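This is start_27.cif (mmCIF, C-alpha atoms and all ligand atoms).
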data_model
#
loop_
_atom_site.label_atom_id
_atom_site.label_comp_id
_atom_site.auth_asym_id
_atom_site.auth_seq_id
_atom_site.Cartn_x
_atom_site.Cartn_y
_atom_site.Cartn_z
CA ALA U 1 96.50 170.42 177.67
CA SER U 2 92.75 170.84 177.29
CA GLY U 3 92.77 169.86 173.61
CA GLU U 4 93.95 166.33 174.18
CA LYS U 5 90.63 164.69 174.97
CA LYS U 6 87.95 162.95 173.02
CA TYR U 7 85.23 163.17 175.65
CA LYS U 8 84.36 166.38 177.44
CA ARG U 9 81.91 165.00 179.99
CA ILE U 10 81.82 161.45 181.27
CA LEU U 11 79.83 159.46 183.78
CA LEU U 12 81.95 156.93 185.64
CA LYS U 13 80.28 154.06 187.47
CA LEU U 14 82.28 152.50 190.29
CA SER U 15 80.89 149.43 191.99
CA GLY U 16 80.81 149.32 195.76
CA GLU U 17 83.01 146.22 195.63
CA ALA U 18 85.77 148.24 193.99
CA LEU U 19 85.89 150.47 197.06
CA SER U 20 86.55 147.61 199.46
CA GLY U 21 89.83 146.63 197.77
CA ARG U 22 91.02 143.30 199.13
CA GLU U 23 88.53 143.28 201.98
CA LYS U 24 85.16 141.59 201.61
CA PHE U 25 83.21 144.37 203.29
CA GLY U 26 83.57 148.07 203.89
CA ILE U 27 85.77 150.76 202.46
CA ASP U 28 89.54 150.74 201.94
CA PRO U 29 90.78 154.36 202.11
CA LYS U 30 93.92 153.39 200.16
CA VAL U 31 91.79 152.30 197.21
CA LEU U 32 89.87 155.56 197.39
CA ASP U 33 93.11 157.53 197.20
CA LEU U 34 94.16 155.58 194.09
CA MET U 35 90.83 156.32 192.45
CA ALA U 36 91.12 159.99 193.35
CA LEU U 37 94.48 159.99 191.61
CA GLU U 38 93.06 158.51 188.41
CA ILE U 39 90.05 160.85 188.47
CA GLY U 40 92.31 163.82 189.17
CA GLN U 41 94.15 163.13 185.90
CA LEU U 42 90.90 163.61 184.02
CA VAL U 43 90.02 166.79 185.87
CA GLY U 44 93.55 167.97 185.13
CA ILE U 45 92.95 167.94 181.38
CA GLY U 46 89.54 169.55 181.74
CA VAL U 47 87.27 166.51 181.52
CA GLN U 48 84.02 166.94 183.43
CA VAL U 49 83.41 163.94 185.66
CA GLY U 50 80.16 162.63 187.07
CA LEU U 51 80.46 159.62 189.37
CA VAL U 52 77.97 157.02 190.45
CA VAL U 53 79.05 154.74 193.25
CA GLY U 54 77.41 151.42 194.04
CA GLY U 55 76.78 149.98 197.46
CA GLY U 56 77.52 146.28 197.10
CA ASN U 57 80.47 146.48 199.51
CA LEU U 58 77.97 147.25 202.26
CA PHE U 59 74.43 146.12 201.39
CA ARG U 60 72.52 144.76 198.43
CA GLY U 61 68.77 144.47 198.46
CA ALA U 62 68.75 141.08 196.75
CA ALA U 63 71.23 139.60 199.24
CA LEU U 64 69.26 140.97 202.19
CA GLN U 65 66.09 139.50 200.71
CA ALA U 66 67.78 136.12 200.41
CA ALA U 67 68.65 136.45 204.11
CA GLY U 68 64.97 136.99 204.96
CA LEU U 69 64.45 140.76 204.88
CA ASP U 70 61.76 142.54 202.96
CA ARG U 71 63.09 143.37 199.50
CA VAL U 72 62.10 147.02 199.40
CA THR U 73 63.57 147.59 202.86
CA GLY U 74 66.75 145.89 201.68
CA ASP U 75 66.88 148.16 198.65
CA HIS U 76 66.48 151.20 200.86
CA MET U 77 69.45 149.95 202.89
CA GLY U 78 71.41 149.43 199.67
CA MET U 79 70.71 152.98 198.51
CA LEU U 80 71.76 154.37 201.90
CA ALA U 81 74.98 152.36 201.55
CA THR U 82 75.78 154.22 198.33
CA VAL U 83 75.50 157.51 200.24
CA MET U 84 78.18 156.34 202.68
CA ASN U 85 80.42 155.36 199.78
CA ALA U 86 79.84 158.74 198.15
CA LEU U 87 80.86 160.55 201.34
CA ALA U 88 84.05 158.49 201.54
CA MET U 89 84.80 159.16 197.88
CA ARG U 90 84.21 162.90 198.28
CA ASP U 91 86.56 162.90 201.23
CA ALA U 92 89.32 161.26 199.17
CA LEU U 93 88.78 163.59 196.20
CA GLU U 94 88.81 166.70 198.36
CA ARG U 95 91.97 165.56 200.13
CA SER U 96 93.46 165.53 196.61
CA ASN U 97 92.20 169.10 196.12
CA ILE U 98 89.49 168.11 193.65
CA ALA U 99 86.29 170.13 194.19
CA THR U 100 83.44 167.67 194.65
CA GLN U 101 79.70 167.80 195.17
CA VAL U 102 77.51 164.95 196.33
CA LEU U 103 73.92 164.90 195.11
CA SER U 104 71.55 162.33 196.54
CA SER U 105 68.39 160.99 194.91
CA ILE U 106 66.95 160.65 198.42
CA PRO U 107 66.86 163.98 200.30
CA MET U 108 69.09 163.91 203.34
CA SER U 109 69.23 167.45 204.61
CA GLY U 110 72.40 168.36 206.45
CA VAL U 111 74.39 165.45 205.03
CA VAL U 112 74.22 165.81 201.24
CA ASP U 113 72.34 167.99 198.76
CA HIS U 114 69.28 166.68 197.00
CA TYR U 115 69.76 165.76 193.33
CA ASP U 116 68.74 168.48 190.92
CA ARG U 117 69.61 168.10 187.28
CA ARG U 118 70.33 171.78 186.62
CA LYS U 119 72.48 172.04 189.70
CA ALA U 120 74.40 168.96 188.58
CA MET U 121 74.96 170.36 185.10
CA ARG U 122 76.15 173.70 186.48
CA ALA U 123 78.58 171.99 188.83
CA LEU U 124 79.94 169.83 186.01
CA SER U 125 80.36 172.85 183.73
CA ASN U 126 82.22 174.47 186.59
CA GLY U 127 84.70 171.60 186.66
CA ASP U 128 83.52 170.09 189.94
CA VAL U 129 83.29 166.33 190.22
CA VAL U 130 79.67 165.41 190.93
CA ILE U 131 78.91 162.21 192.81
CA PHE U 132 75.38 160.97 192.29
CA CYS U 133 74.27 158.74 195.14
CA ALA U 134 71.24 156.90 196.53
CA GLY U 135 70.78 155.23 193.16
CA THR U 136 67.62 156.26 191.36
CA GLY U 137 65.88 156.78 194.69
CA ASN U 138 63.65 153.80 193.91
CA PRO U 139 63.84 150.18 194.98
CA LEU U 140 64.21 147.38 192.40
CA PHE U 141 66.78 149.30 190.38
CA THR U 142 70.56 149.08 190.44
CA THR U 143 73.30 151.66 190.42
CA ASP U 144 74.15 150.59 186.85
CA SER U 145 70.74 151.91 185.91
CA SER U 146 71.22 155.09 187.89
CA ALA U 147 74.62 155.62 186.22
CA CYS U 148 73.05 155.34 182.76
CA LEU U 149 70.06 157.45 183.80
CA ARG U 150 72.17 160.27 185.24
CA GLY U 151 74.63 160.03 182.36
CA ILE U 152 71.83 160.54 179.85
CA GLU U 153 70.23 163.30 181.93
CA VAL U 154 73.37 165.40 182.30
CA GLU U 155 74.29 164.79 178.64
CA ALA U 156 77.52 162.93 179.26
CA ASP U 157 79.40 161.81 176.14
CA LEU U 158 80.13 158.37 177.54
CA VAL U 159 79.25 156.08 180.43
CA LEU U 160 82.29 154.27 181.77
CA LYS U 161 81.78 151.13 183.78
CA ALA U 162 84.74 150.06 185.87
CA THR U 163 85.08 146.29 186.34
CA LYS U 164 87.63 143.80 187.61
CA VAL U 165 88.57 142.62 184.12
CA ASP U 166 89.55 144.70 181.12
CA GLY U 167 86.30 144.58 179.18
CA VAL U 168 83.51 142.24 178.18
CA TYR U 169 84.38 138.59 177.51
CA SER U 170 82.46 135.75 175.88
CA ALA U 171 82.64 133.93 179.25
CA ASP U 172 84.03 134.67 182.69
CA PRO U 173 87.79 134.98 182.01
CA MET U 174 88.55 134.12 185.65
CA LYS U 175 86.97 130.69 185.10
CA GLU U 176 87.56 130.13 181.37
CA PRO U 177 91.01 131.17 180.19
CA ASP U 178 89.97 130.76 176.52
CA ALA U 179 87.25 133.37 176.83
CA GLU U 180 87.46 135.98 174.10
CA ARG U 181 87.44 139.71 174.77
CA TYR U 182 85.19 141.86 172.62
CA GLU U 183 86.53 145.15 171.26
CA ARG U 184 83.06 146.40 170.38
CA LEU U 185 79.51 145.21 170.86
CA SER U 186 76.11 146.56 169.95
CA TYR U 187 73.46 146.88 172.66
CA ASP U 188 71.51 144.08 170.97
CA GLU U 189 74.54 141.77 170.96
CA VAL U 190 74.88 142.29 174.70
CA LEU U 191 71.22 141.40 175.12
CA ASP U 192 71.20 138.47 172.65
CA LYS U 193 74.36 136.86 173.96
CA LYS U 194 73.13 137.43 177.53
CA LEU U 195 76.48 138.96 178.46
CA GLU U 196 76.37 139.94 182.09
CA VAL U 197 77.74 143.43 181.68
CA MET U 198 75.02 145.52 183.19
CA ASP U 199 71.43 144.77 184.02
CA LEU U 200 68.90 144.88 181.20
CA THR U 201 67.27 148.08 182.39
CA ALA U 202 70.60 149.90 182.13
CA ILE U 203 71.45 148.49 178.69
CA CYS U 204 67.98 149.23 177.30
CA LEU U 205 68.10 152.79 178.61
CA CYS U 206 71.44 153.36 176.85
CA ARG U 207 70.17 151.75 173.66
CA ASP U 208 67.03 153.89 173.62
CA HIS U 209 69.04 157.09 174.09
CA ASN U 210 72.20 156.23 172.14
CA MET U 211 74.47 156.47 175.13
CA PRO U 212 77.75 154.63 174.48
CA VAL U 213 79.18 152.58 177.34
CA ARG U 214 82.80 151.54 177.77
CA VAL U 215 83.60 148.70 180.14
CA PHE U 216 87.17 148.80 181.41
CA MET U 217 89.49 147.82 184.23
CA MET U 218 89.89 150.58 186.79
CA GLU U 219 92.86 148.90 188.46
CA LYS U 220 94.91 149.34 185.31
CA ALA U 221 96.74 152.59 186.03
CA GLY U 222 96.20 155.22 183.33
CA ALA U 223 93.37 153.31 181.58
CA LEU U 224 90.81 155.96 182.45
CA LEU U 225 92.95 158.78 181.10
CA ASN U 226 93.73 156.77 177.99
CA ILE U 227 90.02 156.25 177.28
CA VAL U 228 89.05 159.91 177.53
CA ARG U 229 91.87 160.65 175.10
CA GLY U 230 90.31 158.24 172.61
CA GLY U 231 92.18 155.06 173.60
CA ARG U 232 90.61 151.64 173.19
CA ASP U 233 90.97 150.03 176.59
CA GLY U 234 88.23 147.55 177.39
CA THR U 235 85.05 147.10 175.35
CA LEU U 236 82.85 149.72 173.73
CA ILE U 237 79.11 149.10 173.62
CA GLU U 238 77.27 151.34 171.20
N1 LIG U 301 69.53 150.21 194.85
C1 LIG U 301 68.18 150.49 194.67
N2 LIG U 301 67.80 151.37 193.70
C2 LIG U 301 68.70 151.98 192.88
C3 LIG U 301 70.07 151.68 193.05
C4 LIG U 301 70.45 150.78 194.04
O1 LIG U 301 67.34 149.97 195.38
O2 LIG U 301 68.29 152.79 192.04
C5 LIG U 301 69.94 149.31 195.96
C6 LIG U 301 69.87 147.84 195.59
O3 LIG U 301 69.45 147.12 196.74
C7 LIG U 301 71.32 147.51 195.30
C8 LIG U 301 72.06 148.38 196.29
O4 LIG U 301 71.28 149.58 196.33
O5 LIG U 301 71.63 146.16 195.50
C9 LIG U 301 73.48 148.68 195.95
O6 LIG U 301 73.61 149.00 194.60
P1 LIG U 301 74.30 148.02 193.54
O7 LIG U 301 73.99 146.60 193.86
O8 LIG U 301 73.97 148.50 192.19
O9 LIG U 301 75.83 148.31 193.87
P2 LIG U 301 77.16 147.72 193.18
O10 LIG U 301 76.89 146.32 192.73
O11 LIG U 301 77.45 148.61 192.02
O12 LIG U 301 78.19 147.85 194.25
#
Could the structure of this file be written out as structure tokens, please?
Amino acid sequence: ASGEKKYKRILLKLSGEALSGREKFGIDPKVLDLMALEIGQLVGIGVQVGLVVGGGNLFRGAALQAAGLDRVTGDHMGMLATVMNALAMRDALERSNIATQVLSSIPMSGVVDHYDRRKAMRALSNGDVVIFCAGTGNPLFTTDSSACLRGIEVEADLVLKATKVDGVYSADPMKEPDAERYERLSYDEVLDKKLEVMDLTAICLCRDHNMPVRVFMMEKAGALLNIVRGGRDGTLIE
């Protein structure tokens, strides 16, 4: 079964919102179990999986700033939120018998291990799922940027960004039914057309280091497996 894959090592970015399911806040364990199932299919065919989880289901620095908090403090809260999401995700993966390690950009002795690139690469080579949390460890960045950063660092073949819709559209397909879905885009097209796929830092990082990104719909069962086998779900940015 190990021959049937196009990508050997991937970096999957899950937004915090995805973890809350139908709720507006928090974590829905049922959603986590579904994700563990999809990720387990990849592990099952020998794909090495790095995960970056966001924190938007709990706290976002920008939203806290708008509510009157100091921005950097808000970003620290946002990064801590991603650690909670990572712990919940590890719990779901391990309940599905998928060996998982959590590495945090902010040291948190006794709770999670500190991020170390060589340790991450060894764990991935070993077949363990590695969850990178606490973003980049710095305020004023997003977890999209940390996903691209870690993906490039650990030499992933592809960054996968899970979204609510099945790819990148010319306009918000929830609001404009005529919006057109792109099969492929260059990094510059994403920038020129101001498509809100990822923040500019993340896109520029991928462009500078030739890291392809595929935007896809996580809720579509089997989409993730299809992509690592070379399928064309969603939109490819390269
Ligand atoms: N964050 C940060 N530095 C990083 C990554 C994240 O300060 O490198 C903070 C930022 O406040 C952000 C929050 O953590 O709003 C949660 O991350 P993000 O908004 O990217 O989560 P998502 O939208 O993917 O759920």
Near-ligand residues for ligand LIG 301 (chain U), threshold 7 Å, all atoms listed in the file, as an NGL selection string: :U and (14-17 or 53-57 or 59-62 or 74-79 or 81-82 or 134-146)
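Here atom CA of U:Ala221 and atom CA of U:Ile10 stand 18.0 Å from one another.
Computed from the coordinates, the atom CA of U:Val43 to atom CA of U:Arg184 distance equals 26.5 Å.
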Computed interatomic separation between atom CA of U:Phe132 and atom CA of U:Val52 (Å):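 Taking atom CA of U:Phe132 and atom CA of U:Val52, their separation equals 5.1 Å.
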Neighbour list for U:Asp28 as a ChimeraX atom specification, cut-off 8 Å, only C-alpha atoms, skip fewer than 6 positions in-chain: /U:19-21
Residue nearest U:Val190 among U:Glu23, U:Glu238, U:Asp166, U:Glu219 (counting all atoms listed in the file): U:Glu238
Pick from U:Met211, U:Ile39, U:Leu195, U:Leu205 nearest to U:Asp172, counting all atoms listed in the file: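 Closest candidate: U:Leu195.
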